[in-house]
file upload_39.txt (compact mmCIF, C-alpha atoms and all ligand atoms)
# COMPACT_ATOMS: atom_id res chain seq x y z
CA MET A 12 0.00 0.00 0.00
CA PRO A 13 1.35 3.43 -0.91
CA GLU A 14 1.93 5.97 1.86
CA PHE A 15 -0.10 8.60 0.05
CA ARG A 16 -3.73 8.84 -0.89
CA TRP A 17 -5.54 9.96 -4.00
CA VAL A 18 -8.75 11.97 -4.15
CA ASP A 19 -11.67 11.47 -6.53
CA THR A 20 -12.80 14.88 -7.77
CA HIS A 21 -15.87 13.58 -9.59
CA CYS A 22 -18.10 10.60 -8.87
CA HIS A 23 -21.79 9.82 -8.90
CA LEU A 24 -22.37 7.67 -5.84
CA GLN A 25 -25.99 8.78 -6.06
CA HIS A 26 -26.40 6.69 -9.23
CA ALA A 27 -28.77 3.72 -9.21
CA ALA A 28 -25.77 1.46 -9.90
CA PHE A 29 -24.92 1.92 -6.20
CA ASP A 30 -28.44 1.39 -4.82
CA GLY A 31 -27.53 -2.06 -3.52
CA ASP A 32 -24.33 -1.17 -1.67
CA ARG A 33 -23.91 2.63 -1.54
CA ALA A 34 -22.85 2.76 2.11
CA GLU A 35 -20.26 0.03 1.63
CA VAL A 36 -18.82 1.68 -1.49
CA LEU A 37 -18.57 5.00 0.33
CA GLU A 38 -16.93 3.37 3.30
CA ARG A 39 -14.28 1.56 1.26
CA SER A 40 -13.72 4.68 -0.85
CA LEU A 41 -13.04 6.80 2.23
CA ALA A 42 -10.78 4.07 3.61
CA GLN A 43 -8.55 4.45 0.55
CA LEU A 44 -8.95 8.09 -0.50
CA ASP A 45 -8.39 11.38 1.31
CA TRP A 46 -11.74 12.72 0.16
CA LEU A 47 -14.11 12.71 -2.78
CA ILE A 48 -16.70 14.90 -4.49
CA VAL A 49 -20.19 13.59 -5.26
CA ILE A 50 -21.54 15.34 -8.33
CA GLY A 51 -25.16 16.31 -8.86
CA ASP A 52 -26.77 15.95 -12.28
CA SER A 53 -30.44 16.65 -11.44
CA VAL A 54 -32.36 18.19 -8.55
CA ALA A 55 -32.87 14.75 -6.99
CA SER A 56 -29.23 13.65 -7.27
CA SER A 57 -28.08 17.05 -6.04
CA GLU A 58 -30.28 16.68 -2.94
CA GLN A 59 -28.93 13.19 -2.43
CA GLY A 60 -25.35 14.47 -2.77
CA CYS A 61 -25.98 17.21 -0.19
CA ALA A 62 -27.25 14.56 2.21
CA MET A 63 -24.02 12.57 1.74
CA ALA A 64 -21.76 15.61 2.35
CA GLY A 65 -19.51 15.47 5.38
CA PRO A 66 -15.96 16.14 6.49
CA ARG A 67 -14.44 14.11 3.60
CA VAL A 68 -17.34 14.17 1.16
CA HIS A 69 -17.95 17.36 -0.81
CA ALA A 70 -20.98 17.84 -3.04
CA THR A 71 -21.84 19.78 -6.18
CA VAL A 72 -25.34 20.68 -7.30
CA GLY A 73 -26.54 21.23 -10.82
CA ILE A 74 -28.54 20.06 -13.81
CA HIS A 75 -26.68 18.00 -16.41
CA PRO A 76 -27.25 18.74 -20.10
CA HIS A 77 -29.03 15.36 -20.40
CA GLU A 78 -31.57 16.70 -17.88
CA ALA A 79 -31.82 20.19 -19.39
CA LYS A 80 -35.38 19.60 -20.54
CA HIS A 81 -36.34 19.50 -16.85
CA ALA A 82 -34.47 22.70 -15.96
CA ASP A 83 -37.52 24.89 -15.49
CA ALA A 84 -37.68 27.85 -13.11
CA ALA A 85 -38.66 25.66 -10.15
CA ALA A 86 -35.76 23.26 -10.76
CA LEU A 87 -33.26 26.10 -11.07
CA GLU A 88 -34.60 27.63 -7.86
CA ALA A 89 -34.21 24.27 -6.11
CA ILE A 90 -30.58 24.11 -7.29
CA GLU A 91 -29.98 27.63 -5.98
CA THR A 92 -31.35 26.68 -2.56
CA LEU A 93 -29.21 23.53 -2.46
CA ALA A 94 -26.13 25.48 -3.58
CA ARG A 95 -26.23 27.40 -0.30
CA ARG A 96 -26.07 24.22 1.78
CA GLU A 97 -23.06 23.31 3.90
CA GLY A 98 -20.57 21.10 2.04
CA VAL A 99 -21.52 22.26 -1.47
CA CYS A 100 -18.42 23.41 -3.35
CA ALA A 101 -19.57 24.06 -6.93
CA ILE A 102 -22.38 24.25 -9.46
CA GLY A 103 -22.25 21.17 -11.68
CA GLU A 104 -22.20 19.23 -13.61
CA ILE A 105 -23.49 21.60 -16.23
CA GLY A 106 -22.74 22.03 -19.91
CA LEU A 107 -23.59 20.68 -23.33
CA ASP A 108 -23.80 17.15 -24.72
CA TYR A 109 -24.41 16.94 -28.46
CA HIS A 110 -23.31 13.30 -28.60
CA TYR A 111 -26.42 11.91 -26.95
CA ASP A 112 -28.76 14.89 -27.42
CA PHE A 113 -30.98 13.62 -24.58
CA SER A 114 -32.34 17.18 -24.31
CA PRO A 115 -32.93 19.58 -27.20
CA ARG A 116 -29.82 21.66 -27.86
CA ASP A 117 -31.51 25.02 -27.33
CA GLU A 118 -32.70 23.82 -23.91
CA GLN A 119 -29.19 22.60 -23.10
CA ARG A 120 -27.78 26.00 -23.95
CA SER A 121 -30.34 27.89 -21.88
CA ALA A 122 -29.92 25.58 -18.84
CA PHE A 123 -26.14 26.00 -19.06
CA ALA A 124 -26.41 29.79 -19.37
CA ALA A 125 -28.83 29.97 -16.43
CA GLN A 126 -26.46 27.94 -14.26
CA LEU A 127 -23.44 30.00 -15.33
CA ASP A 128 -25.44 32.99 -14.16
CA LEU A 129 -26.25 31.23 -10.88
CA ALA A 130 -22.57 30.42 -10.27
CA ALA A 131 -21.66 34.04 -10.95
CA ARG A 132 -24.33 35.36 -8.56
CA LEU A 133 -23.25 32.97 -5.80
CA ASP A 134 -19.54 33.45 -6.64
CA MET A 135 -19.05 29.68 -6.94
CA PRO A 136 -16.91 27.57 -9.29
CA ILE A 137 -18.50 25.27 -11.84
CA VAL A 138 -17.94 21.72 -13.08
CA ILE A 139 -18.43 21.52 -16.85
CA HIS A 140 -19.51 18.56 -18.98
CA CYS A 141 -18.81 19.01 -22.71
CA ARG A 142 -19.24 16.35 -25.35
CA GLU A 143 -19.03 17.14 -29.06
CA ALA A 144 -20.20 20.68 -28.36
CA GLU A 145 -16.94 22.60 -28.03
CA GLU A 146 -17.82 25.57 -30.23
CA ASP A 147 -21.21 26.29 -28.68
CA LEU A 148 -19.79 25.81 -25.20
CA ALA A 149 -16.94 28.21 -25.99
CA ALA A 150 -19.42 30.81 -27.24
CA LEU A 151 -21.38 30.65 -23.97
CA VAL A 152 -18.29 30.69 -21.75
CA GLU A 153 -16.69 33.53 -23.67
CA SER A 154 -19.84 35.66 -23.71
CA ALA A 155 -20.70 35.14 -20.02
CA PRO A 156 -20.81 38.48 -18.20
CA VAL A 157 -18.62 36.98 -15.47
CA ARG A 158 -15.91 34.57 -16.66
CA PRO A 159 -16.65 31.25 -14.94
CA ARG A 160 -13.95 29.45 -12.95
CA GLY A 161 -13.70 25.77 -12.11
CA VAL A 162 -13.18 22.46 -13.86
CA MET A 163 -13.63 20.93 -17.31
CA HIS A 164 -14.52 17.40 -16.24
CA CYS A 165 -13.89 14.09 -18.04
CA PHE A 166 -11.96 15.95 -20.67
CA GLY A 167 -12.86 14.63 -24.11
CA GLY A 168 -11.45 17.19 -26.51
CA ASP A 169 -8.13 17.54 -28.27
CA ALA A 170 -4.96 19.37 -27.26
CA ALA A 171 -6.13 22.59 -28.92
CA PHE A 172 -9.36 22.59 -26.91
CA ALA A 173 -7.39 21.83 -23.73
CA GLU A 174 -5.31 24.93 -24.40
CA ARG A 175 -8.44 26.96 -24.97
CA CYS A 176 -9.86 25.77 -21.60
CA LEU A 177 -6.57 26.65 -19.92
CA GLY A 178 -6.85 30.11 -21.46
CA TRP A 179 -10.22 30.51 -19.74
CA GLY A 180 -8.51 29.69 -16.46
CA LEU A 181 -10.16 26.28 -16.05
CA TYR A 182 -8.59 23.22 -14.48
CA ILE A 183 -8.80 20.07 -16.59
CA SER A 184 -9.87 16.73 -15.18
CA PHE A 185 -9.19 13.37 -16.80
CA ALA A 186 -11.17 10.19 -16.17
CA GLY A 187 -10.60 6.49 -16.84
CA ASN A 188 -10.93 6.83 -20.60
CA VAL A 189 -7.45 8.43 -20.67
CA THR A 190 -6.09 4.93 -19.90
CA PHE A 191 -7.80 3.23 -22.86
CA SER A 192 -5.42 1.95 -25.51
CA LYS A 193 -7.07 3.92 -28.33
CA ALA A 194 -7.16 7.19 -26.36
CA GLN A 195 -3.92 8.69 -27.67
CA ARG A 196 -5.77 11.93 -28.46
CA LEU A 197 -6.68 12.31 -24.78
CA ARG A 198 -3.13 11.58 -23.69
CA ASP A 199 -1.91 14.18 -26.18
CA ALA A 200 -4.33 16.64 -24.59
CA ALA A 201 -3.14 15.74 -21.07
CA ALA A 202 0.43 16.31 -22.24
CA VAL A 203 -0.24 20.02 -22.86
CA VAL A 204 -1.86 20.65 -19.46
CA PRO A 205 0.63 21.80 -16.81
CA VAL A 206 0.69 19.70 -13.65
CA ASP A 207 -0.64 22.62 -11.61
CA ARG A 208 -3.86 22.63 -13.68
CA LEU A 209 -4.62 18.88 -13.80
CA LEU A 210 -7.21 16.93 -11.86
CA VAL A 211 -8.20 13.26 -11.91
CA GLU A 212 -11.56 11.63 -11.34
CA THR A 213 -13.44 8.40 -11.87
CA ASP A 214 -16.88 9.63 -13.03
CA SER A 215 -18.10 6.48 -11.24
CA PRO A 216 -20.06 4.39 -12.06
CA TYR A 217 -18.89 5.09 -15.62
CA LEU A 218 -15.56 4.68 -17.40
CA ALA A 219 -13.66 2.25 -15.20
CA PRO A 220 -9.97 2.64 -16.14
CA GLN A 221 -7.65 -0.06 -17.36
CA PRO A 222 -7.15 -2.72 -16.01
CA LEU A 223 -10.76 -2.69 -14.75
CA ARG A 224 -12.42 -1.45 -17.92
CA GLY A 225 -16.01 -2.64 -18.27
CA LYS A 226 -16.64 -3.06 -14.54
CA ARG A 227 -18.76 -0.71 -12.46
CA CYS A 228 -16.34 2.06 -11.61
CA GLU A 229 -15.70 3.01 -7.98
CA PRO A 230 -13.82 6.01 -6.54
CA PRO A 231 -10.67 4.11 -5.42
CA TYR A 232 -10.02 3.26 -9.10
CA VAL A 233 -8.91 6.88 -9.49
CA GLN A 234 -5.49 5.52 -8.63
CA TYR A 235 -5.18 4.02 -12.14
CA VAL A 236 -6.07 7.33 -13.77
CA GLY A 237 -3.58 9.16 -11.57
CA GLU A 238 -0.81 6.67 -12.23
CA ALA A 239 -1.35 6.89 -16.00
CA ILE A 240 -1.05 10.69 -15.98
CA ALA A 241 1.92 10.64 -13.61
CA ARG A 242 3.72 8.32 -16.05
CA LEU A 243 2.84 10.63 -18.92
CA LYS A 244 4.29 13.57 -17.00
CA GLY A 245 7.37 11.63 -15.90
CA ILE A 246 6.77 12.26 -12.20
CA SER A 247 6.06 9.92 -9.32
CA SER A 248 2.49 9.02 -8.44
CA GLU A 249 3.04 10.48 -5.00
CA THR A 250 4.18 13.83 -6.39
CA PHE A 251 1.29 13.93 -8.83
CA ALA A 252 -1.27 12.99 -6.14
CA GLY A 253 0.01 15.96 -4.13
CA HIS A 254 -0.49 18.28 -7.12
CA VAL A 255 -4.01 16.98 -7.68
CA LYS A 256 -5.02 17.72 -4.10
CA GLU A 257 -3.60 21.24 -4.18
CA ASN A 258 -5.16 21.89 -7.58
CA ALA A 259 -8.55 20.68 -6.42
CA LEU A 260 -8.42 22.90 -3.36
CA ARG A 261 -7.64 25.90 -5.57
CA ALA A 262 -10.04 25.02 -8.38
CA LEU A 263 -13.04 24.40 -6.18
CA GLY A 264 -12.24 26.57 -3.19
CA LEU A 265 -12.55 23.57 -0.89
CA SER A 266 -11.95 24.54 2.70
CA THR A 267 -9.52 22.75 4.96
CA ARG A 268 -12.49 20.63 6.01
CA ALA A 269 -11.03 18.24 3.45
NI NI A 301 -20.14 13.12 -14.26

call {"tool": "encode", "arguments": {"input": "upload_39.txt", "output": "structure tokens"}}
result
Amino acid sequence: MPEFRWVDTHCHLQHAAFDGDRAEVLERSLAQLDWLIVIGDSVASSEQGCAMAGPRVHATVGIHPHEAKHADAAALEAIETLARREGVCAIGEIGLDYHYDFSPRDEQRSAFAAQLDLAARLDMPIVIHCREAEEDLAALVESAPVRPRGVMHCFGGDAAFAERCLGWGLYISFAGNVTFSKAQRLRDAAAVVPVDRLLVETDSPYLAPQPLRGKRCEPPYVQYVGEAIARLKGISSETFAGHVKENALRALGLSTRA
């Protein structure tokens, strides 16, 4: 066992995949990790995340682009109320997903814009989801009255888009897909991100990294993502894990509660 611990900056322990053993997964995750962040993607999962928050569990609240069709005024108001709760560190995950198009694109854009506005009003960082929607996302980020700060999660773009996100001041988080053999484009993107702007995550229950690809992903598997990026950067896992923790504290304004 290594002497150091990783953190998981993005997981969905609220997901139905954990309905049978959520408490056990959380317990073994906290036994291996310093802390983790449970990410909201709807009003219900955001409420559930707030209820899980504690000394080593941070929460985010927000409406995912898949759920944008449900982001009416009442839902946005519910997110605003939850955002003020103890243990909530960011608004997210929010953004655009033109790969699945589970919500109409115009509704995705308006839900994202409304939540950018919310983050600005509450002076909170955001966690962004972007899939095959880089140009429209850039237009909304660049035209926001207050430049958002926070994290581009589960980075899926190329090196040029990574540099654009860095230019906005965002931190860039990689998930298990960076370990997949065909993911050279993601590794090329990670190569251009300085170590003081990188984060790692599992996005559990999705995207279990190699060598566990295909299984239900759990927060401790973040170790494989971290080790892959540390190798890419030519630094030790321990050194990189230290960077990730400092970066996460800066990116998301986490207090020393962590
Ligand atoms: Ni996620």

call {"tool": "closest_atom_pairs", "arguments": {"input": "upload_39.txt", "of": "chain A", "to": "ligand NI 301 (chain A)", "cutoff": "7 Å", "atoms": "all atoms listed in the file", "output": "Markdown table"}}
result
| residue | atom | partner | partner_atom | distance |
| --- | --- | --- | --- | --- |
| A:His21 | CA | A:NI301 | NI | 6.3 |
| A:Cys22 | CA | A:NI301 | NI | 6.3 |
| A:His23 | CA | A:NI301 | NI | 6.5 |
| A:Ile50 | CA | A:NI301 | NI | 6.5 |
| A:Glu104 | CA | A:NI301 | NI | 6.5 |
| A:Asp214 | CA | A:NI301 | NI | 4.9 |

call {"tool": "closest_residue", "arguments": {"input": "upload_39.txt", "among": "A:Glu238, A:Asp169, A:Glu229, A:Ala86", "to": "Asp32 of chain A", "atoms": "all atoms listed in the file"}}
result
A:Glu229

call {"tool": "residues_around", "arguments": {"input": "upload_39.txt", "residues": "segment 69-83 of chain A", "least_positions_apart": "6", "cutoff": "8 Å", "atoms": "only C-alpha atoms", "output": "PyMOL selection string"}}
result
chain A and resi 46-54+57-58+60-61+63+90+93-94+98-108+111-115+118-119+122-123+126+140

call {"tool": "closest_residue", "arguments": {"input": "upload_39.txt", "among": "A:Leu265, A:Leu127, A:Pro230, A:Gln59", "to": "Glu35 of chain A", "atoms": "only C-alpha atoms"}}
result
A:Pro230

call {"tool": "atom_distance", "arguments": {"input": "upload_39.txt", "atom1": "atom CA of Pro231 of chain A", "atom2": "atom CA of Ser184 of chain A"}}
result
16.0 Å

call {"tool": "residues_around", "arguments": {"input": "upload_39.txt", "residues": "Arg175 of chain A", "least_positions_apart": "3", "cutoff": "12 Å", "atoms": "all atoms listed in the file", "output": "PDB file with C-alpha atoms, in the coordinates of the input"}}
result
ATOM      1  CA  GLU A 145     -16.940  22.600 -28.030  1.00  0.00           C
ATOM      2  CA  GLU A 146     -17.820  25.570 -30.230  1.00  0.00           C
ATOM      3  CA  LEU A 148     -19.790  25.810 -25.200  1.00  0.00           C
ATOM      4  CA  ALA A 149     -16.940  28.210 -25.990  1.00  0.00           C
ATOM      5  CA  ALA A 150     -19.420  30.810 -27.240  1.00  0.00           C
ATOM      6  CA  VAL A 152     -18.290  30.690 -21.750  1.00  0.00           C
ATOM      7  CA  GLU A 153     -16.690  33.530 -23.670  1.00  0.00           C
ATOM      8  CA  MET A 163     -13.630  20.930 -17.310  1.00  0.00           C
ATOM      9  CA  GLY A 168     -11.450  17.190 -26.510  1.00  0.00           C
ATOM     10  CA  ASP A 169      -8.130  17.540 -28.270  1.00  0.00           C
ATOM     11  CA  ALA A 170      -4.960  19.370 -27.260  1.00  0.00           C
ATOM     12  CA  ALA A 171      -6.130  22.590 -28.920  1.00  0.00           C
ATOM     13  CA  PHE A 172      -9.360  22.590 -26.910  1.00  0.00           C
ATOM     14  CA  GLY A 178      -6.850  30.110 -21.460  1.00  0.00           C
ATOM     15  CA  TRP A 179     -10.220  30.510 -19.740  1.00  0.00           C
ATOM     16  CA  GLY A 180      -8.510  29.690 -16.460  1.00  0.00           C
ATOM     17  CA  LEU A 181     -10.160  26.280 -16.050  1.00  0.00           C
ATOM     18  CA  TYR A 182      -8.590  23.220 -14.480  1.00  0.00           C
ATOM     19  CA  ILE A 183      -8.800  20.070 -16.590  1.00  0.00           C
ATOM     20  CA  ALA A 200      -4.330  16.640 -24.590  1.00  0.00           C
ATOM     21  CA  VAL A 203      -0.240  20.020 -22.860  1.00  0.00           C
ATOM     22  CA  VAL A 204      -1.860  20.650 -19.460  1.00  0.00           C
TER      23      VAL A 204
END

call {"tool": "closest_residue", "arguments": {"input": "upload_39.txt", "among": "A:Ile139, A:Ser154, A:Asp45, A:Leu24", "to": "Ala252 of chain A", "atoms": "all atoms listed in the file"}}
result
A:Asp45

call {"tool": "closest_residue", "arguments": {"input": "upload_39.txt", "among": "A:Asp147, A:Asp19, A:Glu38, A:Asp134", "to": "Ser215 of chain A", "atoms": "only C-alpha atoms"}}
result
A:Asp19

call {"tool": "axis_aligned_box", "arguments": {"input": "upload_39.txt", "around": "segment 83-90 of chain A", "padding_each_side": "6 Å", "output": "JSON"}}
result
{"center_x": -34.6, "center_y": 25.6, "center_z": -10.8, "size_x": 20.1, "size_y": 16.6, "size_z": 21.4}

call {"tool": "residues_around", "arguments": {"input": "upload_39.txt", "residues": "Tyr232 of chain A", "least_positions_apart": "3", "cutoff": "8 Å", "atoms": "all atoms listed in the file", "output": "list in words"}}
result
Thr213, Ala219, Pro220, Cys228, Glu229, Tyr235 and Val236 of chain A

call {"tool": "write_last_selection", "arguments": {"input": "upload_39.txt", "atoms": "C-alpha atoms", "output": "short mmCIF file (atom, residue, chain, number, x, y, z; two decimals), keeping the file's coordinate frame"}}
result
data_model
loop_
_atom_site.label_atom_id
_atom_site.label_comp_id
_atom_site.auth_asym_id
_atom_site.auth_seq_id
_atom_site.Cartn_x
_atom_site.Cartn_y
_atom_site.Cartn_z
CA THR A 213 -13.44 8.40 -11.87
CA ALA A 219 -13.66 2.25 -15.20
CA PRO A 220 -9.97 2.64 -16.14
CA CYS A 228 -16.34 2.06 -11.61
CA GLU A 229 -15.70 3.01 -7.98
CA TYR A 235 -5.18 4.02 -12.14
CA VAL A 236 -6.07 7.33 -13.77
#

call {"tool": "decode", "arguments": {"input": "upload_39.txt", "residues": "segment 193-204 of chain A", "atoms": "all heavy atoms", "output": "tab-separated table (two decimals), in the first residue's frame"}}
result
chain	number	residue	atom	x	y	z
A	193	LYS	N	-6.86	3.10	-27.13
A	193	LYS	CA	-7.07	3.92	-28.33
A	193	LYS	C	-7.14	5.41	-28.02
A	193	LYS	O	-7.41	6.21	-28.93
A	193	LYS	CB	-8.35	3.48	-29.04
A	193	LYS	CG	-8.17	2.14	-29.73
A	193	LYS	CD	-9.38	1.76	-30.57
A	193	LYS	CE	-9.18	0.41	-31.24
A	193	LYS	NZ	-10.46	-0.24	-31.54
A	194	ALA	N	-6.91	5.79	-26.76
A	194	ALA	CA	-7.16	7.19	-26.36
A	194	ALA	C	-5.92	8.07	-26.48
A	194	ALA	O	-5.70	8.94	-25.65
A	194	ALA	CB	-7.71	7.23	-24.95
A	195	GLN	N	-5.13	7.88	-27.53
A	195	GLN	CA	-3.92	8.69	-27.67
A	195	GLN	C	-4.24	10.19	-27.74
A	195	GLN	O	-3.51	11.03	-27.23
A	195	GLN	CB	-3.12	8.25	-28.90
A	195	GLN	CG	-1.72	8.84	-28.97
A	195	GLN	CD	-0.90	8.58	-27.69
A	195	GLN	OE1	-0.89	7.48	-27.16
A	195	GLN	NE2	-0.24	9.62	-27.17
A	196	ARG	N	-5.39	10.52	-28.35
A	196	ARG	CA	-5.77	11.93	-28.46
A	196	ARG	C	-5.94	12.57	-27.07
A	196	ARG	O	-5.55	13.71	-26.84
A	196	ARG	CB	-7.07	12.04	-29.26
A	196	ARG	CG	-7.39	13.45	-29.72
A	196	ARG	CD	-8.63	13.44	-30.61
A	196	ARG	NE	-9.83	13.42	-29.81
A	196	ARG	CZ	-10.80	14.33	-29.89
A	196	ARG	NH1	-10.70	15.32	-30.74
A	196	ARG	NH2	-11.87	14.25	-29.14
A	197	LEU	N	-6.51	11.78	-26.15
A	197	LEU	CA	-6.68	12.31	-24.78
A	197	LEU	C	-5.34	12.45	-24.09
A	197	LEU	O	-5.10	13.41	-23.37
A	197	LEU	CB	-7.58	11.37	-23.95
A	197	LEU	CG	-9.07	11.35	-24.30
A	197	LEU	CD1	-9.80	10.40	-23.37
A	197	LEU	CD2	-9.65	12.76	-24.21
A	198	ARG	N	-4.46	11.48	-24.31
A	198	ARG	CA	-3.13	11.58	-23.69
A	198	ARG	C	-2.35	12.76	-24.29
A	198	ARG	O	-1.62	13.45	-23.57
A	198	ARG	CB	-2.37	10.26	-23.84
A	198	ARG	CG	-2.95	9.17	-22.92
A	198	ARG	CD	-2.13	7.89	-22.94
A	198	ARG	NE	-2.30	7.11	-24.16
A	198	ARG	CZ	-3.30	6.26	-24.40
A	198	ARG	NH1	-4.24	6.06	-23.48
A	198	ARG	NH2	-3.37	5.60	-25.54
A	199	ASP	N	-2.55	13.02	-25.57
A	199	ASP	CA	-1.91	14.18	-26.18
A	199	ASP	C	-2.45	15.47	-25.55
A	199	ASP	O	-1.71	16.44	-25.37
A	199	ASP	CB	-2.16	14.21	-27.69
A	199	ASP	CG	-1.41	13.10	-28.43
A	199	ASP	OD1	-0.50	12.49	-27.82
A	199	ASP	OD2	-1.76	12.82	-29.60
A	200	ALA	N	-3.74	15.47	-25.24
A	200	ALA	CA	-4.33	16.64	-24.59
A	200	ALA	C	-3.76	16.79	-23.18
A	200	ALA	O	-3.38	17.89	-22.76
A	200	ALA	CB	-5.85	16.52	-24.55
A	201	ALA	N	-3.67	15.68	-22.45
A	201	ALA	CA	-3.14	15.74	-21.07
A	201	ALA	C	-1.70	16.25	-21.08
A	201	ALA	O	-1.26	16.95	-20.16
A	201	ALA	CB	-3.22	14.37	-20.41
A	202	ALA	N	-0.98	15.92	-22.16
A	202	ALA	CA	0.43	16.31	-22.24
A	202	ALA	C	0.60	17.84	-22.27
A	202	ALA	O	1.61	18.35	-21.81
A	202	ALA	CB	1.09	15.68	-23.47
A	203	VAL	N	-0.39	18.56	-22.78
A	203	VAL	CA	-0.24	20.02	-22.86
A	203	VAL	C	-0.74	20.74	-21.60
A	203	VAL	O	-0.58	21.95	-21.47
A	203	VAL	CB	-0.94	20.64	-24.10
A	203	VAL	CG1	-0.46	19.97	-25.38
A	203	VAL	CG2	-2.46	20.60	-23.99
A	204	VAL	N	-1.33	20.00	-20.68
A	204	VAL	CA	-1.86	20.65	-19.46
A	204	VAL	C	-0.78	20.63	-18.39
A	204	VAL	O	-0.29	19.55	-18.03
A	204	VAL	CB	-3.13	19.92	-18.95
A	204	VAL	CG1	-3.69	20.64	-17.73
A	204	VAL	CG2	-4.18	19.82	-20.05
